[in-house]
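Trainee: Next comes the structure file data_29.cif, holding mmCIF, C-alpha atoms.
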```cif
data_input
#
loop_
_atom_site.group_PDB
_atom_site.id
_atom_site.type_symbol
_atom_site.label_atom_id
_atom_site.label_comp_id
_atom_site.auth_asym_id
_atom_site.auth_seq_id
_atom_site.Cartn_x
_atom_site.Cartn_y
_atom_site.Cartn_z
ATOM 1 C CA MET A 1 81.854 127.570 134.654
ATOM 2 C CA ALA A 2 79.817 129.553 132.102
ATOM 3 C CA ARG A 3 82.118 128.440 129.280
ATOM 4 C CA SER A 4 81.827 124.799 130.367
ATOM 5 C CA THR A 5 78.017 125.087 130.379
ATOM 6 C CA THR A 6 78.060 126.669 126.913
ATOM 7 C CA ILE A 7 80.287 123.932 125.527
ATOM 8 C CA THR A 8 78.050 121.220 127.015
ATOM 9 C CA LEU A 9 74.978 122.981 125.631
ATOM 10 C CA LYS A 10 76.461 123.091 122.132
ATOM 11 C CA LYS A 11 77.451 119.434 122.301
ATOM 12 C CA ASN A 12 73.984 118.373 123.461
ATOM 13 C CA TRP A 13 72.235 120.289 120.680
ATOM 14 C CA LYS A 14 74.729 119.208 118.027
ATOM 15 C CA ARG A 15 74.297 115.557 118.993
ATOM 16 C CA THR A 16 70.494 115.911 119.056
ATOM 17 C CA TRP A 17 70.292 117.898 115.805
ATOM 18 C CA ASN A 18 72.496 115.382 114.009
ATOM 19 C CA SER A 19 69.863 112.741 114.706
ATOM 20 C CA SER A 20 67.239 113.022 111.977
ATOM 21 C CA LEU A 21 64.645 111.430 114.259
ATOM 22 C CA GLN A 22 65.209 113.803 117.190
ATOM 23 C CA ARG A 23 65.428 116.780 114.840
ATOM 24 C CA ALA A 24 62.037 115.852 113.402
ATOM 25 C CA GLN A 25 60.618 115.353 116.903
ATOM 26 C CA ILE A 26 61.677 118.872 117.906
ATOM 27 C CA ILE A 27 60.401 120.569 114.751
ATOM 28 C CA VAL A 28 57.111 118.687 114.408
ATOM 29 C CA GLY A 29 56.441 118.807 118.143
ATOM 30 C CA SER A 30 57.007 122.568 118.297
ATOM 31 C CA VAL A 31 54.734 123.164 115.300
ATOM 32 C CA LEU A 32 51.948 120.959 116.661
ATOM 33 C CA ILE A 33 51.978 122.518 120.138
ATOM 34 C CA THR A 34 51.792 125.970 118.547
ATOM 35 C CA ILE A 35 48.798 124.969 116.398
ATOM 36 C CA ILE A 36 46.967 123.357 119.318
ATOM 37 C CA SER A 37 47.602 126.394 121.535
ATOM 38 C CA CYS A 38 46.105 128.655 118.857
ATOM 39 C CA LEU A 39 42.995 126.469 118.568
ATOM 40 C CA LEU A 40 42.334 126.103 122.300
ATOM 41 C CA PRO A 41 40.654 129.515 122.809
ATOM 42 C CA PHE A 42 37.925 128.539 120.329
ATOM 43 C CA PHE A 43 37.276 125.307 122.227
ATOM 44 C CA PHE A 44 37.185 127.056 125.609
ATOM 45 C CA LYS A 45 34.698 129.649 124.346
ATOM 46 C CA LEU A 46 32.513 126.831 123.054
ATOM 47 C CA ILE A 47 32.362 124.920 126.336
ATOM 48 C CA GLU A 48 31.488 128.071 128.277
ATOM 49 C CA LYS A 49 28.127 128.157 126.459
ATOM 50 C CA ARG A 50 26.970 124.701 127.552
ATOM 51 C CA GLN A 51 25.316 123.548 130.751
ATOM 52 C CA GLY A 52 27.025 121.030 132.998
ATOM 53 C CA ALA A 53 26.627 119.287 136.326
ATOM 54 C CA THR A 54 27.477 120.915 139.660
ATOM 55 C CA LEU A 55 29.128 118.442 142.011
ATOM 56 C CA ASN A 56 28.669 118.279 145.767
ATOM 57 C CA ASP A 57 32.348 118.238 146.750
ATOM 58 C CA TRP A 58 32.804 117.589 150.467
ATOM 59 C CA VAL A 59 36.462 118.673 150.337
ATOM 60 C CA LEU A 60 35.557 122.074 148.878
ATOM 61 C CA ASN A 61 32.694 122.352 151.353
ATOM 62 C CA ALA A 62 35.233 122.137 154.164
ATOM 63 C CA ILE A 63 37.531 124.820 152.688
ATOM 64 C CA ALA A 64 36.755 128.529 152.838
ATOM 65 C CA PRO A 65 37.462 130.073 149.400
ATOM 66 C CA HIS A 66 40.318 132.573 149.091
ATOM 67 C CA ASP A 67 41.884 134.317 146.116
ATOM 68 C CA VAL A 68 45.420 132.929 145.863
ATOM 69 C CA SER A 69 45.832 133.499 142.125
ATOM 70 C CA TRP A 70 49.139 135.335 142.400
ATOM 71 C CA ILE A 71 50.708 132.496 144.397
ATOM 72 C CA ILE A 72 49.397 129.870 141.972
ATOM 73 C CA PHE A 73 50.716 131.600 138.877
ATOM 74 C CA THR A 74 54.011 132.599 140.466
ATOM 75 C CA ILE A 75 54.677 128.910 141.081
ATOM 76 C CA ILE A 76 53.372 127.779 137.684
ATOM 77 C CA TRP A 77 55.265 130.291 135.549
ATOM 78 C CA GLY A 78 58.363 129.932 137.691
ATOM 79 C CA MET A 79 58.385 126.165 137.117
ATOM 80 C CA ILE A 80 57.617 126.529 133.403
ATOM 81 C CA CYS A 81 60.555 128.907 132.946
ATOM 82 C CA TYR A 82 62.815 126.642 135.003
ATOM 83 C CA GLY A 83 61.705 123.573 133.052
ATOM 84 C CA LEU A 84 62.272 125.318 129.717
ATOM 85 C CA TRP A 85 65.742 126.388 130.833
ATOM 86 C CA LEU A 86 66.612 122.787 131.679
ATOM 87 C CA GLY A 87 65.031 121.699 128.390
ATOM 88 C CA ILE A 88 67.297 124.088 126.517
ATOM 89 C CA GLN A 89 70.286 122.601 128.282
ATOM 90 C CA LYS A 90 69.188 119.063 127.477
ATOM 91 C CA PRO A 91 66.984 118.767 124.348
ATOM 92 C CA THR A 92 65.666 115.310 125.265
ATOM 93 C CA ILE A 93 63.851 116.912 128.203
ATOM 94 C CA TYR A 94 62.184 119.333 125.798
ATOM 95 C CA ILE A 95 61.240 116.532 123.400
ATOM 96 C CA ASN A 96 59.611 114.456 126.144
ATOM 97 C CA PHE A 97 57.814 117.498 127.534
ATOM 98 C CA VAL A 98 56.454 118.933 124.294
ATOM 99 C CA TRP A 99 55.169 115.611 122.938
ATOM 100 C CA SER A 100 53.616 114.646 126.269
ATOM 101 C CA LEU A 101 51.960 118.067 126.456
ATOM 102 C CA ILE A 102 50.506 117.599 122.967
ATOM 103 C CA PHE A 103 48.729 114.400 123.992
ATOM 104 C CA ILE A 104 47.722 115.805 127.388
ATOM 105 C CA LEU A 105 46.003 118.757 125.712
ATOM 106 C CA ILE A 106 44.234 116.425 123.290
ATOM 107 C CA LEU A 107 43.147 114.195 126.181
ATOM 108 C CA ARG A 108 41.905 117.226 128.139
ATOM 109 C CA VAL A 109 39.791 118.352 125.194
ATOM 110 C CA LEU A 110 38.236 114.882 125.013
ATOM 111 C CA ALA A 111 37.725 114.643 128.780
ATOM 112 C CA ILE A 112 36.183 118.113 129.071
ATOM 113 C CA SER A 113 33.924 117.352 126.103
ATOM 114 C CA LEU A 114 32.730 114.063 127.585
ATOM 115 C CA VAL A 115 32.369 115.298 131.186
ATOM 116 C CA PRO A 116 30.483 118.635 131.125
ATOM 117 C CA LEU A 117 30.736 120.353 134.508
ATOM 118 C CA ASP A 118 29.672 123.714 135.833
ATOM 119 C CA PRO A 119 32.213 125.385 138.148
ATOM 120 C CA PRO A 120 32.046 124.982 141.943
ATOM 121 C CA ARG A 121 29.497 127.237 143.631
ATOM 122 C CA ASN A 122 32.079 129.312 145.504
ATOM 123 C CA LEU A 123 34.494 129.621 142.598
ATOM 124 C CA ILE A 124 36.941 132.526 142.674
ATOM 125 C CA VAL A 125 38.056 133.073 139.086
ATOM 126 C CA LEU A 126 41.779 132.634 138.479
ATOM 127 C CA THR A 127 43.367 135.846 137.223
ATOM 128 C CA ASP A 128 46.566 135.712 135.216
ATOM 129 C CA PRO A 129 47.263 138.022 132.242
ATOM 130 C CA LEU A 130 49.692 135.525 130.707
ATOM 131 C CA THR A 131 47.005 132.876 130.220
ATOM 132 C CA GLY A 132 45.399 135.157 127.660
ATOM 133 C CA ILE A 133 47.865 133.586 125.240
ATOM 134 C CA PHE A 134 45.911 130.315 125.458
ATOM 135 C CA TYR A 135 42.449 131.348 126.637
ATOM 136 C CA GLY A 136 41.926 134.618 124.827
ATOM 137 C CA ARG A 137 40.246 137.507 126.669
ATOM 138 C CA SER A 138 37.212 135.545 127.833
ATOM 139 C CA THR A 139 36.872 134.256 131.371
ATOM 140 C CA ILE A 140 37.001 130.473 131.295
ATOM 141 C CA THR A 141 35.529 128.521 134.204
ATOM 142 C CA LYS A 142 34.313 125.220 132.705
ATOM 143 C CA ASP A 143 37.636 123.660 131.661
ATOM 144 C CA LEU A 144 37.437 121.489 134.741
ATOM 145 C CA PHE A 145 37.968 117.765 134.212
ATOM 146 C CA PHE A 146 40.901 117.399 134.513
ATOM 147 C CA SER A 147 43.118 120.211 135.882
ATOM 148 C CA GLY A 148 45.494 121.566 133.256
ATOM 149 C CA HIS A 149 47.607 123.507 135.749
ATOM 150 C CA THR A 150 48.209 120.422 137.876
ATOM 151 C CA SER A 151 48.946 118.349 134.778
ATOM 152 C CA ILE A 152 51.604 120.733 133.456
ATOM 153 C CA LEU A 153 53.453 120.866 136.770
ATOM 154 C CA PHE A 154 53.309 117.094 137.212
ATOM 155 C CA LEU A 155 54.556 116.658 133.646
ATOM 156 C CA ILE A 156 57.521 118.905 134.435
ATOM 157 C CA PHE A 157 58.197 116.679 137.445
ATOM 158 C CA LEU A 158 58.157 113.579 135.249
ATOM 159 C CA CYS A 159 60.392 115.070 132.554
ATOM 160 C CA LEU A 160 63.112 116.446 134.810
ATOM 161 C CA GLU A 161 66.023 114.144 135.578
ATOM 162 C CA ARG A 162 68.017 115.403 138.568
ATOM 163 C CA LYS A 163 66.674 114.386 141.977
ATOM 164 C CA THR A 164 66.725 117.932 143.360
ATOM 165 C CA ASP A 165 64.841 119.273 140.329
ATOM 166 C CA LYS A 166 62.216 116.544 140.642
ATOM 167 C CA ILE A 167 61.696 117.277 144.341
ATOM 168 C CA ILE A 168 61.173 120.983 143.603
ATOM 169 C CA ALA A 169 58.719 120.180 140.791
ATOM 170 C CA LEU A 170 56.798 117.702 142.952
ATOM 171 C CA LEU A 171 56.475 120.209 145.804
ATOM 172 C CA ALA A 172 55.286 122.813 143.285
ATOM 173 C CA THR A 173 52.678 120.365 141.937
ATOM 174 C CA ILE A 174 51.335 119.541 145.401
ATOM 175 C CA SER A 175 51.273 123.217 146.397
ATOM 176 C CA VAL A 176 49.344 124.332 143.319
ATOM 177 C CA ALA A 177 46.934 121.394 143.599
ATOM 178 C CA CYS A 178 46.083 122.448 147.164
ATOM 179 C CA LEU A 179 45.863 126.139 146.254
ATOM 180 C CA LEU A 180 43.462 125.399 143.388
ATOM 181 C CA LEU A 181 41.136 123.828 145.945
ATOM 182 C CA VAL A 182 41.510 126.871 148.198
ATOM 183 C CA GLN A 183 40.571 129.020 145.183
ATOM 184 C CA HIS A 184 37.642 126.636 144.485
ATOM 185 C CA ALA A 185 38.809 126.718 140.863
ATOM 186 C CA HIS A 186 38.471 122.937 140.481
ATOM 187 C CA TYR A 187 36.636 120.029 142.009
ATOM 188 C CA THR A 188 38.711 117.504 143.946
ATOM 189 C CA ILE A 189 38.227 114.882 141.218
ATOM 190 C CA ASP A 190 39.762 117.288 138.683
ATOM 191 C CA ILE A 191 42.904 117.563 140.796
ATOM 192 C CA VAL A 192 43.137 113.838 141.610
ATOM 193 C CA MET A 193 42.743 112.729 137.995
ATOM 194 C CA ALA A 194 45.318 115.174 136.616
ATOM 195 C CA PRO A 195 48.505 113.339 137.707
ATOM 196 C CA ILE A 196 46.963 109.948 136.890
ATOM 197 C CA ALA A 197 46.111 110.992 133.338
ATOM 198 C CA THR A 198 49.438 112.780 132.931
ATOM 199 C CA TYR A 199 51.465 109.781 134.041
ATOM 200 C CA GLY A 200 49.609 107.508 131.614
ATOM 201 C CA VAL A 201 50.232 109.935 128.747
ATOM 202 C CA TYR A 202 53.898 110.293 129.724
ATOM 203 C CA LEU A 203 54.453 106.525 129.645
ATOM 204 C CA PHE A 204 52.698 106.304 126.279
ATOM 205 C CA VAL A 205 54.814 109.103 124.802
ATOM 206 C CA ARG A 206 58.064 107.626 126.105
ATOM 207 C CA TYR A 207 57.146 104.346 124.422
ATOM 208 C CA LEU A 208 56.096 106.181 121.252
ATOM 209 C CA LEU A 209 59.319 108.201 121.031
ATOM 210 C CA LYS A 210 61.462 105.109 121.447
#
```
Using structure tokens, write down the structure from this file.

Mentor:
Amino acid sequence: MARSTTITLKKNWKRTWNSSLQRAQIIVGSVLITIISCLLPFFFKLIEKRQGATLNDWVLNAIAPHDVSWIIFTIIWGMICYGLWLGIQKPTIYINFVWSLIFILILRVLAISLVPLDPPRNLIVLTDPLTGIFYGRSTITKDLFFSGHTSILFLIFLCLERKTDKIIALLATISVACLLLVQHAHYTIDIVMAPIATYGVYLFVRYLLK
């Protein structure tokens, strides 16, 4: 079984790498996502200094805040690792994911810049040491519209191919979206807009890559 998987893996990568277009998509996409990830902490520090609007969110008003950070990030990092493993097995999954993520991050920067929001009144700050890779050491609370965590999970759902994998990813997306509201880490509009924006970007990238 392991040998069969290894052989299939080699064939998939050989076929992908032999395509000059797909080879360029992997290399350029990987470089761009690395550059963007390195620049994001500077943007997040900048937005923390500005004043924004505080929304009266009736959904959050009906939910008592609780710290569920460990559940949120267990699901998120578990799905990211699982998605990357499947992307290694099938490079086209990685290509679709990395290029969609590039445009999602760009769109988030634009959306956050154009829609300045202060965090919900009963916010419980999300705590995850791994996010220091992207956010730096500062506490970030104003990267609200739209939810990046929800977007990443929904993007994984869109990129995966097997029905079982997609069901798992969709359940993970819904769970984290609900838990973010329990944490009061986002407004409801942030959560609702995330899959809508992500799906639009995904369709655009699929068209672009073709």

Trainee: Would you write out, as CSV, a table of all residues in segment 60-163 of chain A that have an atom no more than 12 Å from an atom of segment 167-182 of chain A, listing for each the closest atom pair and the distance in Å to one decimal, considering only C-alpha atoms and ordering rows by chain and rising residue number?

Mentor:
```
residue,atom,partner,partner_atom,distance
A:Leu60,CA,A:Leu181,CA,6.5
A:Asn61,CA,A:Leu181,CA,10.1
A:Ala62,CA,A:Val182,CA,9.9
A:Ile63,CA,A:Val182,CA,6.3
A:Ala64,CA,A:Val182,CA,6.8
A:Pro65,CA,A:Val182,CA,5.3
A:His66,CA,A:Val182,CA,5.9
A:Asp67,CA,A:Val182,CA,7.7
A:Val68,CA,A:Leu179,CA,6.8
A:Ser69,CA,A:Leu179,CA,8.4
A:Trp70,CA,A:Leu179,CA,10.5
A:Ile71,CA,A:Leu179,CA,8.2
A:Ile72,CA,A:Val176,CA,5.7
A:Phe73,CA,A:Val176,CA,8.6
A:Thr74,CA,A:Val176,CA,9.9
A:Ile75,CA,A:Ala172,CA,6.5
A:Ile76,CA,A:Ala172,CA,7.7
A:Trp77,CA,A:Ala172,CA,10.8
A:Gly78,CA,A:Ala172,CA,9.6
A:Met79,CA,A:Ala169,CA,7.0
A:Ile80,CA,A:Ala169,CA,9.8
A:Cys81,CA,A:Ala169,CA,11.9
A:Tyr82,CA,A:Ala169,CA,9.6
A:Gly83,CA,A:Ala169,CA,9.0
A:Pro119,CA,A:Leu181,CA,12.0
A:Pro120,CA,A:Leu181,CA,10.0
A:Asn122,CA,A:Val182,CA,10.1
A:Leu123,CA,A:Val182,CA,9.4
A:Ile124,CA,A:Val182,CA,9.1
A:Val125,CA,A:Leu180,CA,10.3
A:Leu126,CA,A:Leu180,CA,8.9
A:Leu144,CA,A:Leu180,CA,11.2
A:Phe146,CA,A:Ala177,CA,11.6
A:Ser147,CA,A:Ala177,CA,8.7
A:Gly148,CA,A:Ala177,CA,10.4
A:His149,CA,A:Val176,CA,7.8
A:Thr150,CA,A:Ala177,CA,5.9
A:Ser151,CA,A:Thr173,CA,8.3
A:Ile152,CA,A:Thr173,CA,8.6
A:Leu153,CA,A:Thr173,CA,5.2
A:Phe154,CA,A:Thr173,CA,5.8
A:Leu155,CA,A:Ala169,CA,9.0
A:Ile156,CA,A:Ala169,CA,6.6
A:Phe157,CA,A:Ala169,CA,4.9
A:Leu158,CA,A:Ala169,CA,8.6
A:Cys159,CA,A:Ala169,CA,9.8
A:Leu160,CA,A:Ala169,CA,8.3
A:Glu161,CA,A:Ile167,CA,10.3
A:Arg162,CA,A:Ile167,CA,8.8
A:Lys163,CA,A:Ile167,CA,6.2
```

Trainee: Listed atoms of segment 86-99 of chain A, axis-aligned box, 8 Å per side: centre and edge lengths to one decimal in Å, as JSON?

Mentor:
```
{"center_x": 62.7, "center_y": 119.3, "center_z": 127.3, "size_x": 31.1, "size_y": 25.6, "size_z": 24.7}
```

Trainee: Name the residues that the PyMOL selection byres ((chain A and resi 27-31) around 8) pulls out of this structure, and write them as a list in words.

Mentor: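 With the PyMOL selection byres ((chain A and resi 27-31) around 8) on this model, the match is Arg23, Ala24, Gln25, Ile26, Leu32, Ile33, Thr34, Ile35, Ile95, Val98, Trp99 and Ile102 of chain A.
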
Trainee: Selection in question (the file shown): the PyMOL selection byres ((chain A and resi 202) around 8). Which residues does it include, as an NGL selection string?

Mentor: :A and (96 or 100 or 155 or 158 or 198-201 or 203-206)

Trainee: Here is a test: counting all atoms listed in the file, which residue of A:Gln183, A:Thr16, A:Thr92, A:Thr188 is nearest to Leu55 of chain A?

Mentor: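 Nearest to Leu55 of chain A: A:Thr188.
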
Trainee: Quote the spacing between atom CA of Ala185 of chain A and atom CA of Ala53 of chain A in Å to one decimal place.

Mentor: 15.0 Å

Trainee: Which residue gives the smallest distance to Lys10 of chain A among A:Tyr187, A:Leu110, A:Gln89, A:Thr139, with only C-alpha atoms counted?

Mentor: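 Among the listed residues, A:Gln89 lies closest to Lys10 of chain A.
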
Trainee: Please compute the atom CA of His186 of chain A-atom CA of Thr127 of chain A distance, one decimal, in Å.

Mentor: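 Between these atoms lies a distance of 14.2 Å.
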